[in-house]
>>> print(open('input-v5.csv').read())   # CSV, C-alpha atoms
chain,number,residue,atom,x,y,z
A,1,MET,CA,-105.4,81.2,3.9
A,2,SER,CA,-108.4,83.4,3.0
A,3,SER,CA,-111.5,82.4,1.1
A,4,ASP,CA,-114.0,84.5,-0.7
A,5,VAL,CA,-117.5,85.0,0.8
A,6,THR,CA,-118.5,87.6,-1.7
A,7,PRO,CA,-116.4,89.9,-3.9
A,8,ALA,CA,-116.3,92.4,-1.0
A,9,VAL,CA,-116.0,90.1,2.1
A,10,ARG,CA,-113.1,87.7,2.9
A,11,VAL,CA,-112.7,85.3,5.8
A,12,ARG,CA,-109.5,84.5,7.6
A,13,PRO,CA,-108.7,82.6,10.7
A,14,ALA,CA,-108.3,84.8,13.8
A,15,SER,CA,-104.9,85.2,15.4
A,16,ALA,CA,-103.9,85.9,19.0
A,17,GLY,CA,-103.3,89.5,17.8
A,18,ASP,CA,-107.0,89.8,17.0
A,19,HIS,CA,-108.2,89.1,20.6
A,20,GLU,CA,-108.7,92.6,21.8
A,21,TRP,CA,-110.3,93.7,18.6
A,22,LEU,CA,-112.7,90.7,18.8
A,23,TYR,CA,-113.7,91.7,22.3
A,24,ASP,CA,-114.3,95.3,21.2
A,25,LEU,CA,-116.4,94.0,18.3
A,26,HIS,CA,-118.3,91.7,20.7
A,27,GLU,CA,-119.1,94.6,23.0
A,28,SER,CA,-120.2,96.9,20.2
A,29,ALA,CA,-122.3,94.2,18.6
A,30,HIS,CA,-123.9,92.7,21.7
A,31,ARG,CA,-124.0,95.4,24.4
A,32,ASN,CA,-127.4,96.6,23.5
A,33,LEU,CA,-128.8,93.0,23.3
A,34,VAL,CA,-127.2,92.0,26.6
A,35,GLU,CA,-128.6,95.1,28.4
A,36,ARG,CA,-132.1,94.6,27.0
A,37,ALA,CA,-132.1,90.9,28.0
A,38,TYR,CA,-130.1,90.9,31.3
A,39,GLY,CA,-129.4,94.4,32.5
A,40,PRO,CA,-126.2,96.6,32.6
A,41,TRP,CA,-123.1,95.5,30.8
A,42,GLU,CA,-120.5,94.6,33.3
A,43,ASP,CA,-117.1,94.6,31.6
A,44,GLU,CA,-115.3,92.1,33.9
A,45,GLN,CA,-118.2,89.7,33.8
A,46,GLN,CA,-118.5,90.0,30.0
A,47,ARG,CA,-114.7,89.4,29.6
A,48,GLY,CA,-115.1,86.3,31.6
A,49,PHE,CA,-117.9,85.1,29.3
A,50,PHE,CA,-115.9,86.1,26.2
A,51,ALA,CA,-112.7,84.2,26.9
A,52,PRO,CA,-114.2,80.7,26.4
A,53,LEU,CA,-115.8,81.9,23.2
A,54,VAL,CA,-112.4,82.4,21.7
A,55,ASP,CA,-110.8,79.4,23.4
A,56,ASP,CA,-113.5,76.9,22.6
A,57,HIS,CA,-114.3,77.8,19.0
A,58,GLU,CA,-112.8,78.2,15.6
A,59,VAL,CA,-112.8,82.0,15.2
A,60,PHE,CA,-112.7,83.7,11.8
A,61,VAL,CA,-112.4,87.5,11.0
A,62,LEU,CA,-114.5,89.0,8.2
A,63,THR,CA,-112.6,91.6,6.3
A,64,VAL,CA,-113.5,94.1,3.6
A,65,ASP,CA,-110.6,95.8,1.8
A,66,ARG,CA,-108.4,94.2,4.4
A,67,SER,CA,-110.1,95.9,7.3
A,68,PRO,CA,-111.9,93.8,9.9
A,69,VAL,CA,-115.6,94.2,9.9
A,70,GLY,CA,-116.9,91.2,11.8
A,71,ALA,CA,-116.3,87.7,13.1
A,72,VAL,CA,-117.7,84.2,13.1
A,73,TYR,CA,-117.3,81.6,15.9
A,74,LEU,CA,-117.8,77.9,14.9
A,75,GLY,CA,-117.9,74.6,16.8
A,76,SER,CA,-119.8,71.4,16.5
A,77,ARG,CA,-122.9,70.2,18.3
A,78,ASP,CA,-125.1,67.2,17.8
A,79,GLY,CA,-123.3,66.2,14.6
A,80,ASP,CA,-123.9,69.7,13.0
A,81,LEU,CA,-121.7,72.7,12.5
A,82,TRP,CA,-122.5,75.0,15.4
A,83,LEU,CA,-122.6,78.7,14.6
A,84,GLU,CA,-121.9,80.2,18.1
A,85,LEU,CA,-121.8,83.8,16.9
A,86,VAL,CA,-121.7,85.9,13.8
A,87,GLU,CA,-120.9,89.6,14.6
A,88,VAL,CA,-120.6,92.6,12.4
A,89,LEU,CA,-119.6,96.1,13.5
A,90,PRO,CA,-122.9,98.0,14.2
A,91,GLN,CA,-122.1,100.8,11.8
A,92,LEU,CA,-121.6,98.3,9.0
A,93,GLN,CA,-124.7,96.1,9.7
A,94,ARG,CA,-127.4,95.8,7.1
A,95,ARG,CA,-124.9,95.8,4.2
A,96,GLY,CA,-125.0,92.0,3.6
A,97,TYR,CA,-121.8,91.1,5.5
A,98,GLY,CA,-123.7,89.0,8.1
A,99,ARG,CA,-125.7,87.3,5.4
A,100,SER,CA,-122.5,86.6,3.4
A,101,ALA,CA,-120.9,85.2,6.5
A,102,LEU,CA,-123.9,83.0,7.2
A,103,ARG,CA,-123.8,81.6,3.7
A,104,TRP,CA,-120.1,80.9,4.1
A,105,VAL,CA,-120.9,78.9,7.2
A,106,VAL,CA,-123.7,77.0,5.5
A,107,ALA,CA,-121.4,76.2,2.6
A,108,ARG,CA,-118.7,75.0,5.1
A,109,ALA,CA,-121.2,72.7,6.7
A,110,ALA,CA,-122.2,71.3,3.3
A,111,GLU,CA,-118.5,70.6,2.6
A,112,GLN,CA,-118.5,68.6,5.9
A,113,GLY,CA,-121.8,66.9,5.0
A,114,THR,CA,-123.6,68.4,8.0
A,115,GLY,CA,-126.4,70.8,8.8
A,116,THR,CA,-125.9,74.1,10.5
A,117,LEU,CA,-127.2,74.7,14.0
A,118,LEU,CA,-127.4,78.0,15.9
A,119,GLN,CA,-129.3,79.7,18.7
A,120,VAL,CA,-130.7,83.3,18.5
A,121,HIS,CA,-131.7,85.3,21.5
A,122,ARG,CA,-135.4,85.8,21.9
A,123,VAL,CA,-135.0,89.6,21.9
A,124,ASN,CA,-133.0,89.5,18.6
A,125,ASP,CA,-135.9,89.6,16.1
A,126,ASP,CA,-133.7,91.0,13.3
A,127,ALA,CA,-131.3,88.1,13.4
A,128,ARG,CA,-134.1,85.6,13.6
A,129,ARG,CA,-135.6,87.0,10.4
A,130,LEU,CA,-132.3,86.8,8.7
A,131,TYR,CA,-131.8,83.2,9.7
A,132,ALA,CA,-135.4,82.3,8.6
A,133,SER,CA,-134.8,84.0,5.2
A,134,GLU,CA,-131.7,81.7,4.8
A,135,GLY,CA,-133.7,78.5,5.4
A,136,PHE,CA,-133.2,78.0,9.1
A,137,THR,CA,-136.2,76.5,11.0
A,138,ASP,CA,-137.0,76.3,14.6
A,139,VAL,CA,-136.0,73.0,16.3
A,140,GLY,CA,-136.2,73.9,19.9
A,141,SER,CA,-136.0,76.7,22.5
A,142,THR,CA,-134.8,77.7,25.9
A,143,PRO,CA,-136.2,80.4,28.2
A,144,THR,CA,-133.8,82.9,26.5
A,145,HIS,CA,-133.1,81.5,23.0
A,146,HIS,CA,-134.6,79.9,19.9
A,147,LEU,CA,-132.6,77.0,18.5
A,148,LEU,CA,-132.6,77.0,14.7
A,149,ARG,CA,-131.2,74.5,12.1
A,150,ARG,CA,-130.6,74.4,8.4
A,151,ALA,CA,-130.5,70.9,7.0
A,152,PRO,CA,-127.5,69.9,5.0
A,153,GLN,CA,-127.3,71.2,1.5
A,154,SER,CA,-127.3,68.6,-1.2
>>> encode(input="input-v5.csv", output="C-alpha coordinates")
Amino acid sequence: MSSDVTPAVRVRPASAGDHEWLYDLHESAHRNLVERAYGPWEDEQQRGFFAPLVDDHEVFVLTVDRSPVGAVYLGSRDGDLWLELVEVLPQLQRRGYGRSALRWVVARAAEQGTGTLLQVHRVNDDARRLYASEGFTDVGSTPTHHLLRRAPQS
(Lines of atoms letter the chains of each structure in order from A and count residues from 1; the text may use other names and numbers.)
(Lines give C-alpha, C1' and ligand atoms only; values in the text may rest on other atoms or scores of the structure.)
Protein backbone atom coordinates (compact mmCIF):
# COMPACT_ATOMS: atom_id res chain seq x y z
CA MET A 1 0.00 0.00 0.00
CA SER A 2 1.39 3.41 -0.96
CA SER A 3 0.85 6.69 0.79
CA ASP A 4 1.23 10.24 -0.40
CA VAL A 5 4.15 12.31 0.77
CA THR A 6 3.53 15.19 -1.65
CA PRO A 7 1.58 15.16 -4.88
CA ALA A 8 4.81 14.15 -6.67
CA VAL A 9 6.36 11.71 -4.15
CA ARG A 10 4.92 8.39 -3.03
CA VAL A 11 6.24 5.91 -0.49
CA ARG A 12 5.99 2.14 -0.76
CA PRO A 13 7.53 -0.69 1.25
CA ALA A 14 10.69 -2.06 -0.35
CA SER A 15 10.63 -5.61 -1.68
CA ALA A 16 13.39 -8.18 -2.16
CA GLY A 17 13.47 -7.16 -5.81
CA ASP A 18 14.57 -3.66 -4.79
CA HIS A 19 17.73 -4.83 -2.99
CA GLU A 20 20.28 -4.22 -5.78
CA TRP A 21 18.70 -0.89 -6.71
CA LEU A 22 18.83 0.12 -3.04
CA TYR A 23 22.55 -0.71 -2.89
CA ASP A 24 23.22 1.26 -6.08
CA LEU A 25 21.28 4.19 -4.59
CA HIS A 26 23.25 3.88 -1.37
CA GLU A 27 26.55 3.96 -3.23
CA SER A 28 25.59 6.90 -5.41
CA ALA A 29 24.18 8.87 -2.46
CA HIS A 30 26.94 8.06 0.05
CA ARG A 31 30.17 7.30 -1.78
CA ASN A 32 31.41 10.88 -1.68
CA LEU A 33 30.53 11.22 2.01
CA VAL A 34 32.24 7.92 2.89
CA GLU A 35 35.36 8.86 0.96
CA ARG A 36 35.56 12.30 2.61
CA ALA A 37 35.15 10.81 6.07
CA TYR A 38 36.92 7.44 5.87
CA GLY A 39 38.90 7.06 2.65
CA PRO A 40 38.31 5.01 -0.51
CA TRP A 41 35.02 3.22 -1.05
CA GLU A 42 35.65 -0.52 -0.87
CA ASP A 43 32.70 -2.28 -2.46
CA GLU A 44 32.96 -5.59 -0.57
CA GLN A 45 33.25 -3.80 2.76
CA GLN A 46 30.36 -1.45 1.94
CA ARG A 47 28.14 -4.35 0.85
CA GLY A 48 28.88 -5.92 4.25
CA PHE A 49 27.78 -2.72 5.99
CA PHE A 50 24.72 -2.41 3.75
CA ALA A 51 23.19 -5.86 4.28
CA PRO A 52 22.22 -5.21 7.93
CA LEU A 53 20.70 -1.85 6.96
CA VAL A 54 18.16 -3.69 4.86
CA ASP A 55 17.76 -6.65 7.20
CA ASP A 56 17.39 -4.66 10.43
CA HIS A 57 15.14 -1.79 9.30
CA GLU A 58 11.81 -1.11 7.69
CA VAL A 59 12.81 0.07 4.23
CA PHE A 60 10.64 2.23 1.99
CA VAL A 61 11.19 3.32 -1.60
CA LEU A 62 10.37 6.88 -2.64
CA THR A 63 8.87 7.09 -6.11
CA VAL A 64 7.96 9.88 -8.50
CA ASP A 65 5.78 8.94 -11.47
CA ARG A 66 6.32 5.30 -10.43
CA SER A 67 10.11 5.60 -10.82
CA PRO A 68 12.26 5.05 -7.73
CA VAL A 69 14.08 8.19 -6.63
CA GLY A 70 15.12 7.43 -3.05
CA ALA A 71 14.71 5.36 0.07
CA VAL A 72 14.04 5.64 3.79
CA TYR A 73 15.29 3.19 6.47
CA LEU A 74 13.38 3.19 9.78
CA GLY A 75 13.76 1.50 13.15
CA SER A 76 13.24 2.43 16.77
CA ARG A 77 15.64 3.68 19.40
CA ASP A 78 15.16 4.97 22.91
CA GLY A 79 11.37 5.04 22.47
CA ASP A 80 11.53 7.16 19.32
CA LEU A 81 11.18 6.41 15.65
CA TRP A 82 14.77 6.07 14.39
CA LEU A 83 15.55 7.42 10.94
CA GLU A 84 18.61 5.42 9.97
CA LEU A 85 18.88 6.80 6.45
CA VAL A 86 17.07 8.92 3.93
CA GLU A 87 18.64 8.79 0.48
CA VAL A 88 17.78 10.47 -2.80
CA LEU A 89 19.51 9.90 -6.12
CA PRO A 90 22.21 12.60 -6.40
CA GLN A 91 20.89 13.94 -9.72
CA LEU A 92 17.47 14.47 -8.09
CA GLN A 93 18.62 16.06 -4.85
CA ARG A 94 17.58 19.60 -3.93
CA ARG A 95 14.10 19.12 -5.41
CA GLY A 96 12.34 18.60 -2.08
CA TYR A 97 12.14 14.79 -2.20
CA GLY A 98 14.32 14.35 0.88
CA ARG A 99 12.40 17.02 2.77
CA SER A 100 9.11 15.39 1.78
CA ALA A 101 10.39 12.02 2.97
CA LEU A 102 11.56 13.56 6.24
CA ARG A 103 8.13 15.08 6.81
CA TRP A 104 6.54 11.70 6.09
CA VAL A 105 8.79 10.12 8.74
CA VAL A 106 7.93 12.81 11.30
CA ALA A 107 4.21 12.33 10.59
CA ARG A 108 4.61 8.56 10.98
CA ALA A 109 6.31 9.13 14.35
CA ALA A 110 3.44 11.43 15.39
CA GLU A 111 0.95 8.67 14.53
CA GLN A 112 2.93 6.41 16.87
CA GLY A 113 3.09 9.11 19.55
CA THR A 114 6.89 9.31 19.43
CA GLY A 115 9.59 11.72 18.50
CA THR A 116 11.98 11.22 15.60
CA LEU A 117 15.64 10.49 16.27
CA LEU A 118 18.48 10.43 13.73
CA GLN A 119 22.18 10.90 13.37
CA VAL A 120 23.94 12.94 10.71
CA HIS A 121 27.59 12.64 9.80
CA ARG A 122 29.73 15.57 10.88
CA VAL A 123 30.90 16.12 7.29
CA ASN A 124 27.30 16.32 5.99
CA ASP A 125 26.51 19.98 6.64
CA ASP A 126 23.76 20.15 4.00
CA ALA A 127 21.77 17.37 5.68
CA ARG A 128 22.28 18.92 9.10
CA ARG A 129 20.87 22.23 7.85
CA LEU A 130 17.86 20.40 6.37
CA TYR A 131 17.17 18.63 9.67
CA ALA A 132 17.50 21.87 11.64
CA SER A 133 15.08 23.62 9.28
CA GLU A 134 12.57 20.84 10.02
CA GLY A 135 12.76 21.32 13.80
CA PHE A 136 15.45 18.81 14.77
CA THR A 137 17.77 19.82 17.60
CA ASP A 138 21.10 18.46 18.83
CA VAL A 139 20.78 15.92 21.63
CA GLY A 140 24.26 14.38 21.56
CA SER A 141 27.24 13.51 19.45
CA THR A 142 29.87 10.91 18.71
CA PRO A 143 33.31 11.48 17.21
CA THR A 144 31.76 11.06 13.74
CA HIS A 145 28.08 12.05 14.04
CA HIS A 146 25.62 14.54 15.51
CA LEU A 147 22.55 13.01 17.16
CA LEU A 148 19.39 15.01 16.44
CA ARG A 149 15.82 14.69 17.67
CA ARG A 150 12.49 16.20 16.88
CA ALA A 151 9.99 16.07 19.72
CA PRO A 152 6.65 14.40 19.11
CA GLN A 153 4.16 16.51 17.19
CA SER A 154 1.00 17.31 19.08
>>> closest_atom_pairs(input="input-v5.csv", of="region 74-122 of chain A", to="region 48-55 of chain A", cutoff="10 Å", atoms="all atoms listed in the file", output="tab-separated table")
residue	atom	partner	partner_atom	distance
A:Leu74	CA	A:Leu53	CA	9.4
A:Gly75	CA	A:Leu53	CA	9.9
A:Glu84	CA	A:Leu53	CA	8.1
A:Leu85	CA	A:Leu53	CA	8.9
>>> residues_near_point(input="input-v5.csv", point="(-131.1, 79.1, 12.9)", cutoff="8 Å", atoms="only C-alpha atoms", output="list of chain:residue names")
A:Thr116, A:Leu117, A:Leu118, A:Gln119, A:Val120, A:Arg128, A:Tyr131, A:Ala132, A:Gly135, A:Phe136, A:Thr137, A:Asp138, A:His146, A:Leu147, A:Leu148, A:Arg149, A:Arg150
>>> write_last_selection(input="input-v5.csv", atoms="C-alpha atoms", output="JSON list (two decimals), keeping the file's coordinate frame")
[["chain", "number", "residue", "atom", "x", "y", "z"],
["A", 116, "THR", "CA", -125.90, 74.10, 10.50],
["A", 117, "LEU", "CA", -127.20, 74.70, 14.00],
["A", 118, "LEU", "CA", -127.40, 78.00, 15.90],
["A", 119, "GLN", "CA", -129.30, 79.70, 18.70],
["A", 120, "VAL", "CA", -130.70, 83.30, 18.50],
["A", 128, "ARG", "CA", -134.10, 85.60, 13.60],
["A", 131, "TYR", "CA", -131.80, 83.20, 9.70],
["A", 132, "ALA", "CA", -135.40, 82.30, 8.60],
["A", 135, "GLY", "CA", -133.70, 78.50, 5.40],
["A", 136, "PHE", "CA", -133.20, 78.00, 9.10],
["A", 137, "THR", "CA", -136.20, 76.50, 11.00],
["A", 138, "ASP", "CA", -137.00, 76.30, 14.60],
["A", 146, "HIS", "CA", -134.60, 79.90, 19.90],
["A", 147, "LEU", "CA", -132.60, 77.00, 18.50],
["A", 148, "LEU", "CA", -132.60, 77.00, 14.70],
["A", 149, "ARG", "CA", -131.20, 74.50, 12.10],
["A", 150, "ARG", "CA", -130.60, 74.40, 8.40]]
>>> atom_distance(input="input-v5.csv", atom1="CA of Arg66 (chain A)", atom2="CA of Leu25 (chain A)")
16.0 Å
>>> residues_near_point(input="input-v5.csv", point="(-117.1, 94.8, 23.6)", cutoff="12 Å", atoms="all atoms listed in the file", output="tab-separated table (two decimals) with C-alpha atoms, in the frame of the given file")
chain	number	residue	atom	x	y	z
A	19	HIS	CA	-108.20	89.10	20.60
A	20	GLU	CA	-108.70	92.60	21.80
A	21	TRP	CA	-110.30	93.70	18.60
A	22	LEU	CA	-112.70	90.70	18.80
A	23	TYR	CA	-113.70	91.70	22.30
A	24	ASP	CA	-114.30	95.30	21.20
A	25	LEU	CA	-116.40	94.00	18.30
A	26	HIS	CA	-118.30	91.70	20.70
A	27	GLU	CA	-119.10	94.60	23.00
A	28	SER	CA	-120.20	96.90	20.20
A	29	ALA	CA	-122.30	94.20	18.60
A	30	HIS	CA	-123.90	92.70	21.70
A	31	ARG	CA	-124.00	95.40	24.40
A	32	ASN	CA	-127.40	96.60	23.50
A	33	LEU	CA	-128.80	93.00	23.30
A	34	VAL	CA	-127.20	92.00	26.60
A	41	TRP	CA	-123.10	95.50	30.80
A	42	GLU	CA	-120.50	94.60	33.30
A	43	ASP	CA	-117.10	94.60	31.60
A	44	GLU	CA	-115.30	92.10	33.90
A	45	GLN	CA	-118.20	89.70	33.80
A	46	GLN	CA	-118.50	90.00	30.00
A	47	ARG	CA	-114.70	89.40	29.60
A	48	GLY	CA	-115.10	86.30	31.60
A	49	PHE	CA	-117.90	85.10	29.30
A	50	PHE	CA	-115.90	86.10	26.20
A	51	ALA	CA	-112.70	84.20	26.90
A	87	GLU	CA	-120.90	89.60	14.60
A	88	VAL	CA	-120.60	92.60	12.40
A	89	LEU	CA	-119.60	96.10	13.50
A	90	PRO	CA	-122.90	98.00	14.20
>>> atom_distance(input="input-v5.csv", atom1="CA of Tyr73 (chain A)", atom2="CA of Asp18 (chain A)")
13.2 Å
>>> residues_around(input="input-v5.csv", residues="His121 (chain A)", least_positions_apart="3", cutoff="7 Å", atoms="all atoms listed in the file", output="VMD selection string")
chain A and resid 124 144 to 146
>>> atom_distance(input="input-v5.csv", atom1="CA of Asp65 (chain A)", atom2="CA of Ala14 (chain A)")
16.4 Å
>>> closest_residue(input="input-v5.csv", among="A:Ser141, A:Thr63, A:Gln93, A:Gln112", to="Asp80 (chain A)", atoms="all atoms listed in the file")
A:Gln112
>>> closest_residue(input="input-v5.csv", among="A:Ser76, A:Thr114, A:Ser100, A:Gln91", to="Glu134 (chain A)", atoms="all atoms listed in the file")
A:Ser100
>>> closest_residue(input="input-v5.csv", among="A:Arg12, A:Arg129, A:Arg36, A:His57", to="Arg99 (chain A)", atoms="all atoms listed in the file")
A:Arg129
>>> closest_residue(input="input-v5.csv", among="A:Pro40, A:Pro13, A:Gly96, A:Gly79", to="Glu58 (chain A)", atoms="only C-alpha atoms")
A:Pro13
>>> closest_residue(input="input-v5.csv", among="A:Ala109, A:Ala151, A:Leu92, A:Ala16", to="Pro68 (chain A)", atoms="only C-alpha atoms")
A:Leu92
>>> closest_residue(input="input-v5.csv", among="A:Val139, A:Leu81, A:Leu130, A:Val123", to="Tyr97 (chain A)", atoms="all atoms listed in the file")
A:Leu130
>>> build_atoms(input="input-v5.csv", residues="region 35-50 of chain A", atoms="N, CA and C atoms", output="short mmCIF file (atom, residue, chain, number, x, y, z; two decimals), in the coordinates of the input")
data_model
loop_
_atom_site.label_atom_id
_atom_site.label_comp_id
_atom_site.auth_asym_id
_atom_site.auth_seq_id
_atom_site.Cartn_x
_atom_site.Cartn_y
_atom_site.Cartn_z
N GLU A 35 -127.94 94.23 27.43
CA GLU A 35 -128.60 95.10 28.40
C GLU A 35 -130.13 95.00 28.27
N ARG A 36 -130.67 94.76 27.07
CA ARG A 36 -132.10 94.60 27.00
C ARG A 36 -132.55 93.26 27.63
N ALA A 37 -131.72 92.24 27.53
CA ALA A 37 -132.10 90.90 28.00
C ALA A 37 -131.74 90.72 29.51
N TYR A 38 -130.60 91.29 29.97
CA TYR A 38 -130.10 90.90 31.30
C TYR A 38 -129.78 92.08 32.21
N GLY A 39 -129.77 93.31 31.70
CA GLY A 39 -129.40 94.40 32.50
C GLY A 39 -128.05 95.00 32.13
N PRO A 40 -127.47 95.87 32.97
CA PRO A 40 -126.20 96.60 32.60
C PRO A 40 -125.09 95.67 32.21
N TRP A 41 -124.34 96.13 31.23
CA TRP A 41 -123.10 95.50 30.80
C TRP A 41 -122.06 95.65 31.84
N GLU A 42 -121.55 94.56 32.36
CA GLU A 42 -120.50 94.60 33.30
C GLU A 42 -119.23 94.03 32.67
N ASP A 43 -118.26 94.92 32.42
CA ASP A 43 -117.10 94.60 31.60
C ASP A 43 -116.37 93.33 32.10
N GLU A 44 -116.07 93.28 33.39
CA GLU A 44 -115.30 92.10 33.90
C GLU A 44 -116.07 90.83 33.72
N GLN A 45 -117.36 90.87 33.99
CA GLN A 45 -118.20 89.70 33.80
C GLN A 45 -118.22 89.27 32.32
N GLN A 46 -118.40 90.25 31.44
CA GLN A 46 -118.50 90.00 30.00
C GLN A 46 -117.14 89.44 29.46
N ARG A 47 -116.04 89.96 29.96
CA ARG A 47 -114.70 89.40 29.60
C ARG A 47 -114.60 87.96 29.99
N GLY A 48 -115.14 87.64 31.16
CA GLY A 48 -115.10 86.30 31.60
C GLY A 48 -115.96 85.34 30.73
N PHE A 49 -117.08 85.84 30.23
CA PHE A 49 -117.90 85.10 29.30
C PHE A 49 -117.23 84.96 27.92
N PHE A 50 -116.49 86.01 27.55
CA PHE A 50 -115.90 86.10 26.20
C PHE A 50 -114.72 85.14 26.03
#
